[in-house]
Amino acid sequence: MPSVSELGALRGEILNPMPWSLYLALKQLFPSGKRFPFFTAISVLGVALGVMLLIVSISVMGGFGREIRRMIIDTQGDVQIRGQGTTINDVSGLLDALKTVPEVVAATPFAEGVVLLEHDRRPAFPAVQGVDLQRIENVIPLRDYIVAGSLDELDDDSVILSSQLARSLGARIGSTVQIYSPLLLEKLKQDEVLLPRDLRVAGVFEIGHQQLDSSVVLVTLRLMQDLYGLGDSVHGVNLRIKPSADPDLVARKINAGLPFNLRAGSWMEANQDFLFVLQLEKNMIFFLLVFIIVVAAFSVTSSLLIAVVRKTREIGLLGALGARPSQVAACFCFQGLFIGVAGTLLGLALGFGALAVRNDAIELFTRLTGSEEALLRFYQFSNLPAYLATSDLVLIIACAVGISTAAGLLPAWRASRLNPVEALRNE
């Protein structure tokens with residue numbers, strides 16, 4: 001609380017439109033004659049550090065989540081239709097039916113499976129996906145991920161390899177790889193011989209995901225149908241919907257018109273377990289880091305309680321001059337609120353400043369440690385993604401300001417409970 005000479009603020013309320021309780025709170029935080037309010041600065045800095053760490057951590061987690069969601073949509077589409085234990089035989093009829101759904105922008109059929117791929121006596125067992133070259137780019141921006149070769153070179157006698165798979169096989173553009181399909185074993189059971197297919201490497205793609213970049217092969221839909229003996233059937237259809245449409249609602253709408261052996265599912269439904277784990281990790285990080293603000297709030301409470309003890313006589317004089325207990329309590333609540341607001345603003349500035357230089361810091365770290373290649377190989381990023389949703393930002397600000405304001409409640413309650421007569425007798 002302020003010294004006795006400062007209590008004239010009670011009578012200057014008419015001249016000063018600021019509430020006297022707020023004025024006294026600011027005087028306590030910034031005492032007259034002191035250029036640097038040490039205890040106030042420490043309290044504000046504690047809150048700011050907590051907010052900064054929350055901003056950086058939640059932004060990075062949000063960036064990873066956003067990038068992973070983008071990869072899923074770019075490789076699977078918004079909605080995917082699959083057969084329930086069977087293949088889709090009437091592909092053209094299904095595509096015509098999907099054209100009547102207003103939310104559907106484009107559709108492309110696909111066939112998928114596992115094969116044995118060999119190059120220079122180096123075997124691999126990647127997942128192979130057959131794509132319709134006439135429709136694929138309307139749904140999946142595959143051309144954006146080609147890092148060598150060209151999508152235009154892909155035909156029934158060629159293949160496009162994922163980057164890490166090509167590296168492990170030692171295959172380059174123009175190399176020849178041999179592909180063995182499960183149909184070969186079925187032919188052997190019938191005493192027939194099916195020779196492996198020799199395919200030319202027409203390109204290399206890189207999605208940016210460890211699993212996809214190490215175990216995926218792209219071929220034409222017609223070649224995949226031949227390798228698996230599907231005829232004109234496919235395993236599924238990928239859909240691209242309007243940006244404003246909800247994938248779950250569109251999937252339910254499509255299911256209403258599909259036969260019982262076909263089912264449409266959104267990308268969120270297909271990856272719900274992974275998305276749940278991702279959200280759980282984000283929530284746990286927020287829960288743990290918010291305790292930094294809680295610890296800072298305890299220091300605020302401690303410093304304000306010390307102020308109550310030191311200014312007991314002044315508090316008693318306030319009561320003697322007619323101040324209500326609620327007004328005395330408001331002085332300390334305003335101090336907690338100001339520390340929360342100032343700490344939050346400083347934390348936001350520090351947090352967004354750290355995000356602005358995050359990639360430069362990572363680049364410097366990798367150069368000093370020589371771990372740039374390992375970073376790319378195991379974590380699949382050279383630039384650290386960052387994305388902070390508006391809801392997360394509002395939650396961080398509300399928590400910081402709310403916890404800091406709550407830190408002033410105990411000192412406020414203690415000050416409001418002081419008896420003016422006993423307080424004035426205090427030594």
# chains A, B, ... in the order shown; residues from 1 in each chain; ligands from 1
call {"tool": "residues_around", "arguments": {"residues": "Ile140 (chain A)", "least_positions_apart": "3", "cutoff": "9 Å", "atoms": "only C-alpha atoms", "output": "VMD selection string"}}
result
chain A and resid 73 to 77 108 135 to 137 143 238 to 240
call {"tool": "residues_around", "arguments": {"residues": "Leu95 (chain A)", "least_positions_apart": "6", "cutoff": "10 Å", "atoms": "only C-alpha atoms", "output": "list in words"}}
result
Ala106, Ala107, Thr108, Pro109 and Val237 of chain A
call {"tool": "write_last_selection", "arguments": {"atoms": "C-alpha atoms", "output": "PDB file, in the first residue's frame"}}
result
ATOM      1  CA  ALA A 106     -13.649 -34.373 -58.203  1.00  0.00           C
ATOM      2  CA  ALA A 107     -13.144 -38.126 -57.806  1.00  0.00           C
ATOM      3  CA  THR A 108     -10.414 -40.577 -58.820  1.00  0.00           C
ATOM      4  CA  PRO A 109     -10.346 -44.398 -58.505  1.00  0.00           C
ATOM      5  CA  VAL A 237     -12.269 -43.905 -54.876  1.00  0.00           C
TER       6      VAL A 237
END
call {"tool": "select_by_dssp", "arguments": {"residues": "region 115-216 of chain A", "states": "strand (DSSP E)", "output": "PyMOL selection string"}}
result
chain A and resi 116-119+122-124+127-131+146-149+158-162+176-180+197-205+216
call {"tool": "write_last_selection", "arguments": {"atoms": "N, CA and C atoms", "output": "mmCIF file, in the first residue's frame"}}
result
data_model
loop_
_atom_site.group_PDB
_atom_site.id
_atom_site.type_symbol
_atom_site.label_atom_id
_atom_site.label_comp_id
_atom_site.auth_asym_id
_atom_site.auth_seq_id
_atom_site.Cartn_x
_atom_site.Cartn_y
_atom_site.Cartn_z
ATOM 1 N N LEU A 116 6.645 -57.275 -54.198
ATOM 2 C CA LEU A 116 8.090 -57.412 -54.006
ATOM 3 C C LEU A 116 8.773 -56.631 -55.111
ATOM 4 N N LEU A 117 9.586 -55.675 -54.707
ATOM 5 C CA LEU A 117 10.312 -54.847 -55.669
ATOM 6 C C LEU A 117 11.798 -55.128 -55.526
ATOM 7 N N GLU A 118 12.489 -55.292 -56.653
ATOM 8 C CA GLU A 118 13.906 -55.647 -56.607
ATOM 9 C C GLU A 118 14.689 -54.811 -57.611
ATOM 10 N N HIS A 119 15.851 -54.365 -57.174
ATOM 11 C CA HIS A 119 16.768 -53.653 -58.053
ATOM 12 C C HIS A 119 18.191 -53.969 -57.639
ATOM 13 N N ARG A 122 18.651 -56.007 -54.611
ATOM 14 C CA ARG A 122 18.209 -55.399 -53.358
ATOM 15 C C ARG A 122 16.680 -55.452 -53.308
ATOM 16 N N PRO A 123 16.128 -56.294 -52.430
ATOM 17 C CA PRO A 123 14.670 -56.443 -52.394
ATOM 18 C C PRO A 123 14.017 -55.442 -51.441
ATOM 19 N N ALA A 124 12.753 -55.166 -51.682
ATOM 20 C CA ALA A 124 11.932 -54.323 -50.806
ATOM 21 C C ALA A 124 10.480 -54.750 -50.970
ATOM 22 N N ALA A 127 4.302 -50.742 -50.451
ATOM 23 C CA ALA A 127 2.903 -50.652 -50.849
ATOM 24 C C ALA A 127 2.857 -49.982 -52.215
ATOM 25 N N VAL A 128 2.098 -50.553 -53.118
ATOM 26 C CA VAL A 128 1.999 -50.005 -54.469
ATOM 27 C C VAL A 128 0.579 -49.488 -54.675
ATOM 28 N N GLN A 129 0.465 -48.345 -55.288
ATOM 29 C CA GLN A 129 -0.852 -47.764 -55.554
ATOM 30 C C GLN A 129 -0.972 -47.410 -57.017
ATOM 31 N N GLY A 130 -2.041 -47.912 -57.623
ATOM 32 C CA GLY A 130 -2.336 -47.586 -59.009
ATOM 33 C C GLY A 130 -3.233 -46.379 -59.095
ATOM 34 N N VAL A 131 -2.849 -45.378 -59.868
ATOM 35 C CA VAL A 131 -3.594 -44.115 -59.950
ATOM 36 C C VAL A 131 -4.090 -43.901 -61.366
ATOM 37 N N ILE A 146 6.687 -34.387 -56.808
ATOM 38 C CA ILE A 146 7.701 -35.023 -57.659
ATOM 39 C C ILE A 146 8.997 -34.227 -57.538
ATOM 40 N N VAL A 147 10.055 -34.869 -57.024
ATOM 41 C CA VAL A 147 11.341 -34.186 -56.831
ATOM 42 C C VAL A 147 12.354 -34.564 -57.911
ATOM 43 N N ALA A 148 12.068 -35.594 -58.683
ATOM 44 C CA ALA A 148 12.949 -35.998 -59.785
ATOM 45 C C ALA A 148 12.097 -36.686 -60.834
ATOM 46 N N GLY A 149 12.454 -36.497 -62.104
ATOM 47 C CA GLY A 149 11.654 -37.068 -63.172
ATOM 48 C C GLY A 149 10.397 -36.255 -63.399
ATOM 49 N N SER A 158 6.343 -48.170 -66.511
ATOM 50 C CA SER A 158 7.231 -47.390 -65.645
ATOM 51 C C SER A 158 6.640 -47.288 -64.245
ATOM 52 N N VAL A 159 7.412 -46.702 -63.358
ATOM 53 C CA VAL A 159 7.029 -46.619 -61.963
ATOM 54 C C VAL A 159 7.619 -45.343 -61.371
ATOM 55 N N ILE A 160 6.966 -44.815 -60.350
ATOM 56 C CA ILE A 160 7.498 -43.680 -59.600
ATOM 57 C C ILE A 160 7.736 -44.147 -58.163
ATOM 58 N N LEU A 161 8.952 -43.983 -57.679
ATOM 59 C CA LEU A 161 9.338 -44.473 -56.363
ATOM 60 C C LEU A 161 9.336 -43.332 -55.336
ATOM 61 N N SER A 162 9.060 -43.668 -54.096
ATOM 62 C CA SER A 162 9.236 -42.700 -53.017
ATOM 63 C C SER A 162 10.726 -42.502 -52.778
ATOM 64 N N THR A 176 16.043 -49.798 -64.052
ATOM 65 C CA THR A 176 15.019 -50.828 -64.241
ATOM 66 C C THR A 176 14.844 -51.614 -62.955
ATOM 67 N N VAL A 177 13.595 -51.750 -62.523
ATOM 68 C CA VAL A 177 13.283 -52.522 -61.326
ATOM 69 C C VAL A 177 12.356 -53.661 -61.715
ATOM 70 N N GLN A 178 12.454 -54.753 -60.968
ATOM 71 C CA GLN A 178 11.581 -55.910 -61.189
ATOM 72 C C GLN A 178 10.511 -55.924 -60.104
ATOM 73 N N ILE A 179 9.279 -56.183 -60.509
ATOM 74 C CA ILE A 179 8.163 -56.176 -59.576
ATOM 75 C C ILE A 179 7.459 -57.529 -59.620
ATOM 76 N N TYR A 180 7.273 -58.134 -58.442
ATOM 77 C CA TYR A 180 6.610 -59.429 -58.290
ATOM 78 C C TYR A 180 5.311 -59.200 -57.521
ATOM 79 N N ARG A 197 7.539 -58.274 -63.769
ATOM 80 C CA ARG A 197 7.492 -57.169 -64.716
ATOM 81 C C ARG A 197 8.721 -56.297 -64.537
ATOM 82 N N ASP A 198 9.355 -55.956 -65.667
ATOM 83 C CA ASP A 198 10.469 -55.008 -65.648
ATOM 84 C C ASP A 198 9.908 -53.607 -65.897
ATOM 85 N N LEU A 199 10.149 -52.719 -64.949
ATOM 86 C CA LEU A 199 9.612 -51.372 -65.038
ATOM 87 C C LEU A 199 10.728 -50.349 -64.947
ATOM 88 N N ARG A 200 10.578 -49.294 -65.702
ATOM 89 C CA ARG A 200 11.557 -48.209 -65.699
ATOM 90 C C ARG A 200 11.176 -47.174 -64.654
ATOM 91 N N VAL A 201 12.151 -46.667 -63.932
ATOM 92 C CA VAL A 201 11.907 -45.624 -62.935
ATOM 93 C C VAL A 201 11.725 -44.294 -63.669
ATOM 94 N N ALA A 202 10.495 -43.758 -63.623
ATOM 95 C CA ALA A 202 10.183 -42.526 -64.340
ATOM 96 C C ALA A 202 10.241 -41.289 -63.449
ATOM 97 N N GLY A 203 10.277 -41.500 -62.147
ATOM 98 C CA GLY A 203 10.290 -40.352 -61.250
ATOM 99 C C GLY A 203 10.467 -40.761 -59.805
ATOM 100 N N VAL A 204 10.691 -39.761 -58.983
ATOM 101 C CA VAL A 204 10.831 -39.948 -57.537
ATOM 102 C C VAL A 204 9.994 -38.862 -56.862
ATOM 103 N N PHE A 205 9.197 -39.254 -55.877
ATOM 104 C CA PHE A 205 8.382 -38.274 -55.159
ATOM 105 C C PHE A 205 8.742 -38.285 -53.676
ATOM 106 N N VAL A 216 6.343 -46.548 -50.486
ATOM 107 C CA VAL A 216 5.227 -46.367 -51.415
ATOM 108 C C VAL A 216 5.747 -46.310 -52.840
#
call {"tool": "residues_around", "arguments": {"residues": "Ala329 (chain A)", "least_positions_apart": "2", "cutoff": "6 Å", "atoms": "only C-alpha atoms", "output": "JSON, numbers by chain"}}
result
{"A": [326, 327, 331, 332, 412, 416]}
call {"tool": "write_last_selection", "arguments": {"atoms": "N, CA and C atoms", "output": "mmCIF file, in the first residue's frame"}}
result
data_model
loop_
_atom_site.group_PDB
_atom_site.id
_atom_site.type_symbol
_atom_site.label_atom_id
_atom_site.label_comp_id
_atom_site.auth_asym_id
_atom_site.auth_seq_id
_atom_site.Cartn_x
_atom_site.Cartn_y
_atom_site.Cartn_z
ATOM 1 N N SER A 326 -14.407 -3.975 0.305
ATOM 2 C CA SER A 326 -14.344 -4.358 -1.109
ATOM 3 C C SER A 326 -13.416 -3.438 -1.894
ATOM 4 N N GLN A 327 -13.370 -2.162 -1.523
ATOM 5 C CA GLN A 327 -12.484 -1.229 -2.212
ATOM 6 C C GLN A 327 -11.028 -1.494 -1.859
ATOM 7 N N CYS A 331 -7.829 -2.994 -4.571
ATOM 8 C CA CYS A 331 -6.461 -2.512 -4.810
ATOM 9 C C CYS A 331 -5.528 -3.665 -5.162
ATOM 10 N N PHE A 332 -5.662 -4.757 -4.431
ATOM 11 C CA PHE A 332 -4.771 -5.889 -4.666
ATOM 12 C C PHE A 332 -5.218 -6.723 -5.869
ATOM 13 N N ALA A 412 -5.890 -9.814 -1.255
ATOM 14 C CA ALA A 412 -7.042 -8.911 -1.191
ATOM 15 C C ALA A 412 -7.958 -9.304 -0.041
ATOM 16 N N SER A 416 -8.764 -6.999 3.229
ATOM 17 C CA SER A 416 -10.146 -6.588 3.515
ATOM 18 C C SER A 416 -10.609 -7.036 4.893
#
call {"tool": "closest_residue", "arguments": {"among": "A:Asn255, A:Ser244, A:Ser303, A:Gln225", "to": "Leu98 (chain A)", "atoms": "only C-alpha atoms"}}
result
A:Asn255
call {"tool": "residues_around", "arguments": {"residues": "region 43-60 of chain A", "least_positions_apart": "2", "cutoff": "9 Å", "atoms": "only C-alpha atoms", "output": "PyMOL selection string"}}
result
chain A and resi 38-41+62-65+282-283+285-286+289-297+299-300+303+338-352+354-355+384-389+392-393+396-397+400-401+404
call {"tool": "closest_residue", "arguments": {"among": "A:Val91, A:Ile42, A:Met71, A:Leu184", "to": "Pro141 (chain A)", "atoms": "only C-alpha atoms"}}
result
A:Met71
call {"tool": "residues_around", "arguments": {"residues": "Ser266 (chain A)", "least_positions_apart": "5", "cutoff": "12 Å", "atoms": "only C-alpha atoms", "output": "MDAnalysis selection string"}}
result
chainID A and resid 72:73 76:82 237:241 245:255 271:272
call {"tool": "atom_distance", "arguments": {"atom1": "CA of Arg358 (chain A)", "atom2": "CA of Gly208 (chain A)"}}
result
19.4 Å
call {"tool": "atom_distance", "arguments": {"atom1": "CA of Gly231 (chain A)", "atom2": "CA of Pro182 (chain A)"}}
result
15.0 Å
call {"tool": "atom_distance", "arguments": {"atom1": "CA of Asn359 (chain A)", "atom2": "CA of Met284 (chain A)"}}
result
24.5 Å
call {"tool": "select_by_dssp", "arguments": {"residues": "region 100-143 of chain A", "states": "helix (DSSP H, G or I)", "output": "list in words"}}
result
Ile136, Glu137, Asn138, Val139, Leu142 and Arg143 of chain A
